[in-house]
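Structure, as structure tokens:
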Amino acid sequence: MAIISEIIFYFVVALSLFIAFFFLLTYIEVSRRKKTKQELIDFKEVTFLIPALNVEKYIGKCLTSILKQDYPQNKIKIWVVDNGSTDKTLEIIKSFMKKHKNIEILHRKHEHELSKLKTESLNFGIKKIRTELTACLDADTYPQPDAMKQAVLELENPKTMLVTFRLVPTKSNFLSVVQDIEYAFCVFFRKLLASIEILAFSNAFTVYKTKFFREYGDFDVGNITEDFEIALRAQSNHHNVACVTETYAETVVPETLKALQRQRIRWNYGLVYNLYKYKRLFSMKYGDLGLFSLASQLLMVLATMIVLIFALSDVTTSAINTIRQVSLGLYPELNMSVFNITLFLSQPKIILYIISIIFSLFFFSLVRKYMKKKLNFAAYLFYTFIYVWFTVYLWVITVPWFFTRKPEW
Amino acid sequence: MARIKKHEKIKREINIHKYIAVTALTALIFILGILLGNYLANTRLSSMEKTQTDLTMQISGLELKEKLTSSMDVCNLTWSELLEEKVDMGKKVERLETRFGKENENVLRQKEIYELIEIRTWLILKEAREKCHDGKINLILYFYTNKENDEKGSWRQCEDQGYVLDAVYQRYPQNISTFTFDINIQNPAVDTLLQIYNINKVPALIVNGEVYTEYKNFKSIEEILKLS
């Protein structure tokens with residue numbers, strides 16, 4: 001058992017180092033490229049598609065953020081697909097419509113259970129779109145004024161079919177500050193993947209070339225991470241997914257652990273479900289996409305889950321020992337003289353763990369530099385030493401869902 | 001809508017040089033990490049060996065002094081340094097067990113040397129106790145097993161006894177000196193001790209010459225030592 005746990009630990013460390021070096025070399029490769037500042041000349045017409053169901057808290061701010069786009073308003077259409085809201089969502093939208101003629105509400109009738117799904121709302125709108133570009137936006141996500149311009153610049157690349165954005169959590173409590181670190185790290189790595197054309201990801205704010213839907217079909221109805229599925233679909237057809245980091249969109253993130261758990265179970269389930277659906281991408285034919293981008297995600301998930309199980313078994317063993325000592329009428333003391341730094345460091349796994357932490361700190365400084373963003377260091381420490389384990393735990397608890405039922409949206 | 005043209009697609013390729021570089025860097029750091037860890041572990045072993053030599057020299061010095069003068073002034077010896085070094089060495093053995101495992105060949109060898117040093121220290125202290133009528137220091141010999149399914153006794157119960165002895169020592173560090181012996185260490189000196197005190201099951205304690213061949217809790221040990 002101990003040997004197996006050691007082997008797994010070393011495998012995970014080697015894998016993490018491999019991934020870290022891959023990103024590092026990619027970063028060096030990308031930073032060497034010459035950057036040319038592009039000016040946007042061709043402002044393409046775009047329809048913003050916002051699926052809405054009881055979003056009175058967010059919809060006003062969302063519409064305002066679109067209306068504030070540094071983009072000709074006559075080139076922008078805003079369609080809110082109402083899924084049968086019963087709160088003040090419709091009232092708010094109507095008050096905007098009085099002043100802005102480019103806003104419309106698309107009403108849907110709920111004929112069957114599927115109609116409640118976000119994917120159905122999106123498809124309902126996509127079928128009617130006649131503009132060259134389609135921007136799918138969640139009602140609780142607010143793009144910065146230059147977002148649309150940046151998206152169009154990216155879409156000038158003929159290989160690019162969709163553009164995803166850097167999302168920044170609206171900070172309401174410590175959990176959202178920690179998620180800010182997580183999002184910053186993720187988007188940094190996604191940008192690197194996008195720069196070598198192997199990103200398979202999209203999120204709450206993504207701009208598509210509308211012809212993509214006409215060629216490859218609409219959103220996969222019932223898919224709980226439909227944005228991820230569509231990015232995989234683009235990649236499977238050899239189209240690029242770009243990632244904008246020059247600007248960002250603010251987004252509302254879960255404020256409680258329970259809400260976060262619910263969201264992540266859905267994401268985790270969706271990730272595995274869709275990777276399985278597109279298993280054919282794990283092939284040399286798809287180059288670095290199959291060999292690195294997708295494979296590393298899946299392997300890391302598997303490996304860290306196993307490490308967590310072993311770590312938990314270690315913790316359980318020492319807890320049992322402590323309980324035994326207490327049951328013997330003894331009070332276990334932390335004997336500081338037993339703690340010895342040379343002995344502690346003499347374990348290769350501790351050295352490797354320290355190397356991993358140095359790597360993480362290095363990437364933290366890169367992310368800060370690259371994003372030109374101040375990141376809370378305390379939140380970073382919390383993220384590295386505690387939150388990461390929580391996300392691994394969330395992976396472990398997602399496993400039973402694969403054998404029972406699909407998480408709800 | 002215009003159909004997407006073929007030339008607008010990504011050309012898939014694998015940059016083999018990049019993978020080679022990444023693999024080489026990973027292997028380099030990985031091996032360096034393991035080498036550094038092992039180097040530190042060896043440093044630890046060397047420091048352990050140094051402590052052993054120091055202790056052996058001290059004890060040999062005392063023994064030779066006894067032989068040369070035919071009498072050792074044990075009553076005027078200062079024990080604290082000798083005992084501190086013994087305790088320190090015991091802890092080092094314990095740490096080595098944690099680091100390399102209880103079955104490791106090097107660990108078992110260090111443990112054997114440690115046990116021999118323990119016997120020599122114990123003999124000197126025993127003499128001091130008898131000659132100087134110094135009842136302050138209580139000498140406990142503790143025999144245990146680490147082996148699972150050992151017919152001589154349960155390793156789990158031995159572990160519990162170990163916890164209890166640690167706790168007693170922590171409470172009365174000035175009054176107790178404990179000498180621990182793994183009964184599965186094959187050494188004539190340890191075997192002789194087992195024979196003299198007729199010990200064939202563990203956990204076993206010899207407290208100031210009295211043999212106890214069953215588990216003793218904290219309170220019982222306090223009572224035996226008349227410390228409570």
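In the structure tokens, chains take letters A, B, ... by order of appearance, with residues numbered from 1 within each chain and ligands from 1 in the order shown.
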Give as a list of chain:residue names every residue of chain B that touches chain A within 7 Å, counting only C-alpha atoms.
-> B:Met1, B:Arg3, B:Glu8, B:Lys9, B:Ile10, B:Arg12, B:Glu13, B:Ile14, B:Val22, B:Thr23, B:Thr26, B:Phe30, B:Gly33, B:Ile34, B:Gly37, B:Asn38, B:Leu40, B:Ala41, B:Arg44, B:Lys91, B:Tyr163, B:Ala167
Which polymer residues have any atom within 12 Å of an atom of Thr119 (chain A), counting only C-alpha atoms, with same-chain residues fewer than 2 positions away left out, as a short mmCIF file (atom, residue, chain, number, x, y, z; two decimals) with C-alpha atoms, in the first residue's frame?
```cif
data_model
loop_
_atom_site.label_atom_id
_atom_site.label_comp_id
_atom_site.auth_asym_id
_atom_site.auth_seq_id
_atom_site.Cartn_x
_atom_site.Cartn_y
_atom_site.Cartn_z
CA LEU A 49 -28.17 36.27 -27.16
CA ILE A 50 -29.06 36.23 -23.47
CA PRO A 51 -31.06 33.30 -22.10
CA ALA A 52 -33.06 34.55 -19.12
CA VAL A 81 -34.68 34.76 -24.75
CA ASN A 83 -37.72 31.16 -20.49
CA LEU A 114 -36.72 20.26 -22.33
CA SER A 115 -37.89 23.78 -23.01
CA LYS A 116 -36.60 24.89 -19.63
CA LEU A 117 -33.08 24.09 -20.73
CA SER A 121 -33.29 28.85 -25.35
CA LEU A 122 -29.99 29.48 -27.12
CA ASN A 123 -30.97 27.34 -30.09
CA PHE A 124 -34.34 29.07 -30.26
CA GLY A 125 -32.51 32.37 -30.74
CA ILE A 126 -29.70 31.08 -32.96
CA CYS A 136 -23.83 34.20 -26.23
CA ASP A 138 -25.16 34.76 -19.46
CA ASP A 218 -26.69 24.34 -32.82
CA PHE A 219 -26.00 23.72 -29.15
CA ASP A 220 -26.22 20.12 -27.99
CA VAL A 221 -29.62 20.06 -26.25
CA GLY A 222 -29.45 18.72 -22.72
CA ASN A 223 -25.66 18.92 -22.53
CA ILE A 224 -24.95 20.45 -19.13
CA THR A 225 -21.70 22.07 -20.24
CA GLU A 226 -22.85 23.01 -23.70
CA ASP A 227 -20.16 25.68 -24.01
CA GLU A 229 -19.08 20.75 -25.99
CA ILE A 230 -19.23 23.41 -28.68
CA TRP A 409 -28.29 22.71 -14.77
#
```
Ile137 (chain B): which residues within 8 Å, counting only C-alpha atoms, same-chain residues fewer than 5 positions away excluded, as JSON, numbers by chain?
-> {"B": [129, 174, 175, 176, 177]}
Using DSSP on the backbone, list every residue of region 10-210 of chain B that comes out as strand (DSSP E), and give them as a VMD selection string.
-> chain B and resid 138 to 144 176 to 182 204 to 207 210
Close residues, Asn54 (chain A) itself excluded, 10 Å, only C-alpha atoms, min 2 positions apart in chain, as a VMD selection string | chain A and resid 52 56 to 59 82 to 90 139
When distances are computed from only C-alpha atoms, which of A:Cys62, A:Val178, A:Leu167, A:Val152 shows the smallest separation from Ala378 (chain A)?
->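 Of all the options, A:Val178 lies closest to Ala378 (chain A).
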Out of B:Leu28, B:Leu125, B:Met57, B:Ile185, which residue has the shortest atom-to-atom distance to Glu105 (chain B) when counting only C-alpha atoms?
->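 Among B:Leu28, B:Leu125, B:Met57, B:Ile185, it is B:Ile185 that comes nearest to Glu105 (chain B).
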Could you write out, as a PyMOL selection string, all the residues of region 85-220 of chain A that DSSP marks as alpha helix (DSSP H)?
-> chain A and resi 89-99+118-126+147-155+174-195+210-216
Quick one: everything within 12 Å of Lys226 (chain B), counting only C-alpha atoms, minus sequence neighbours fewer than 5 positions away in the same chain. Send it as a PyMOL selection string.
-> chain B and resi 135-138+172+175-176+207-208+219-221
Contacts of Glu148 (chain B) at 12 Å or less, counting only C-alpha atoms, minus same-chain residues fewer than 3 places along, as a short mmCIF file (atom, residue, chain, number, x, y, z; two decimals) with C-alpha atoms, in the first residue's frame?
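Final output, out-v7.cif:
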```cif
data_model
loop_
_atom_site.label_atom_id
_atom_site.label_comp_id
_atom_site.auth_asym_id
_atom_site.auth_seq_id
_atom_site.Cartn_x
_atom_site.Cartn_y
_atom_site.Cartn_z
CA LYS B 102 10.96 -0.22 10.08
CA GLU B 103 12.19 -3.04 7.87
CA TYR B 144 8.55 -4.80 22.15
CA THR B 145 7.81 -6.16 18.71
CA GLU B 151 3.53 -15.04 18.22
CA LYS B 152 5.36 -13.32 21.08
CA GLY B 153 2.78 -10.58 21.32
CA SER B 154 0.70 -7.93 19.61
CA TRP B 155 2.60 -5.10 17.91
CA ARG B 156 -0.42 -2.88 18.39
CA GLN B 157 -0.35 -3.38 22.15
CA CYS B 158 3.40 -2.73 22.07
CA GLU B 159 2.74 0.51 20.22
CA ASN B 184 13.39 -9.36 16.88
#
```
Interatomic distance between CA of Ala204 (chain B) and CA of Phe179 (chain B)?
-> 11.8 Å
Excluding region 297-304 of chain A and residues on its chain fewer than 4 positions from it, collect all residues at most 10 Å away from it, counting only C-alpha atoms, and give them as an NGL selection string.
-> :A and (8-9 or 11-13 or 15-16 or 19 or 268 or 271-272 or 275 or 292-293 or 308-310 or 388-389 or 391-393 or 395-396)
Pairwise distance, CA of Leu232 (chain A) with CA of Ala200 (chain A), equals 5.3 Å
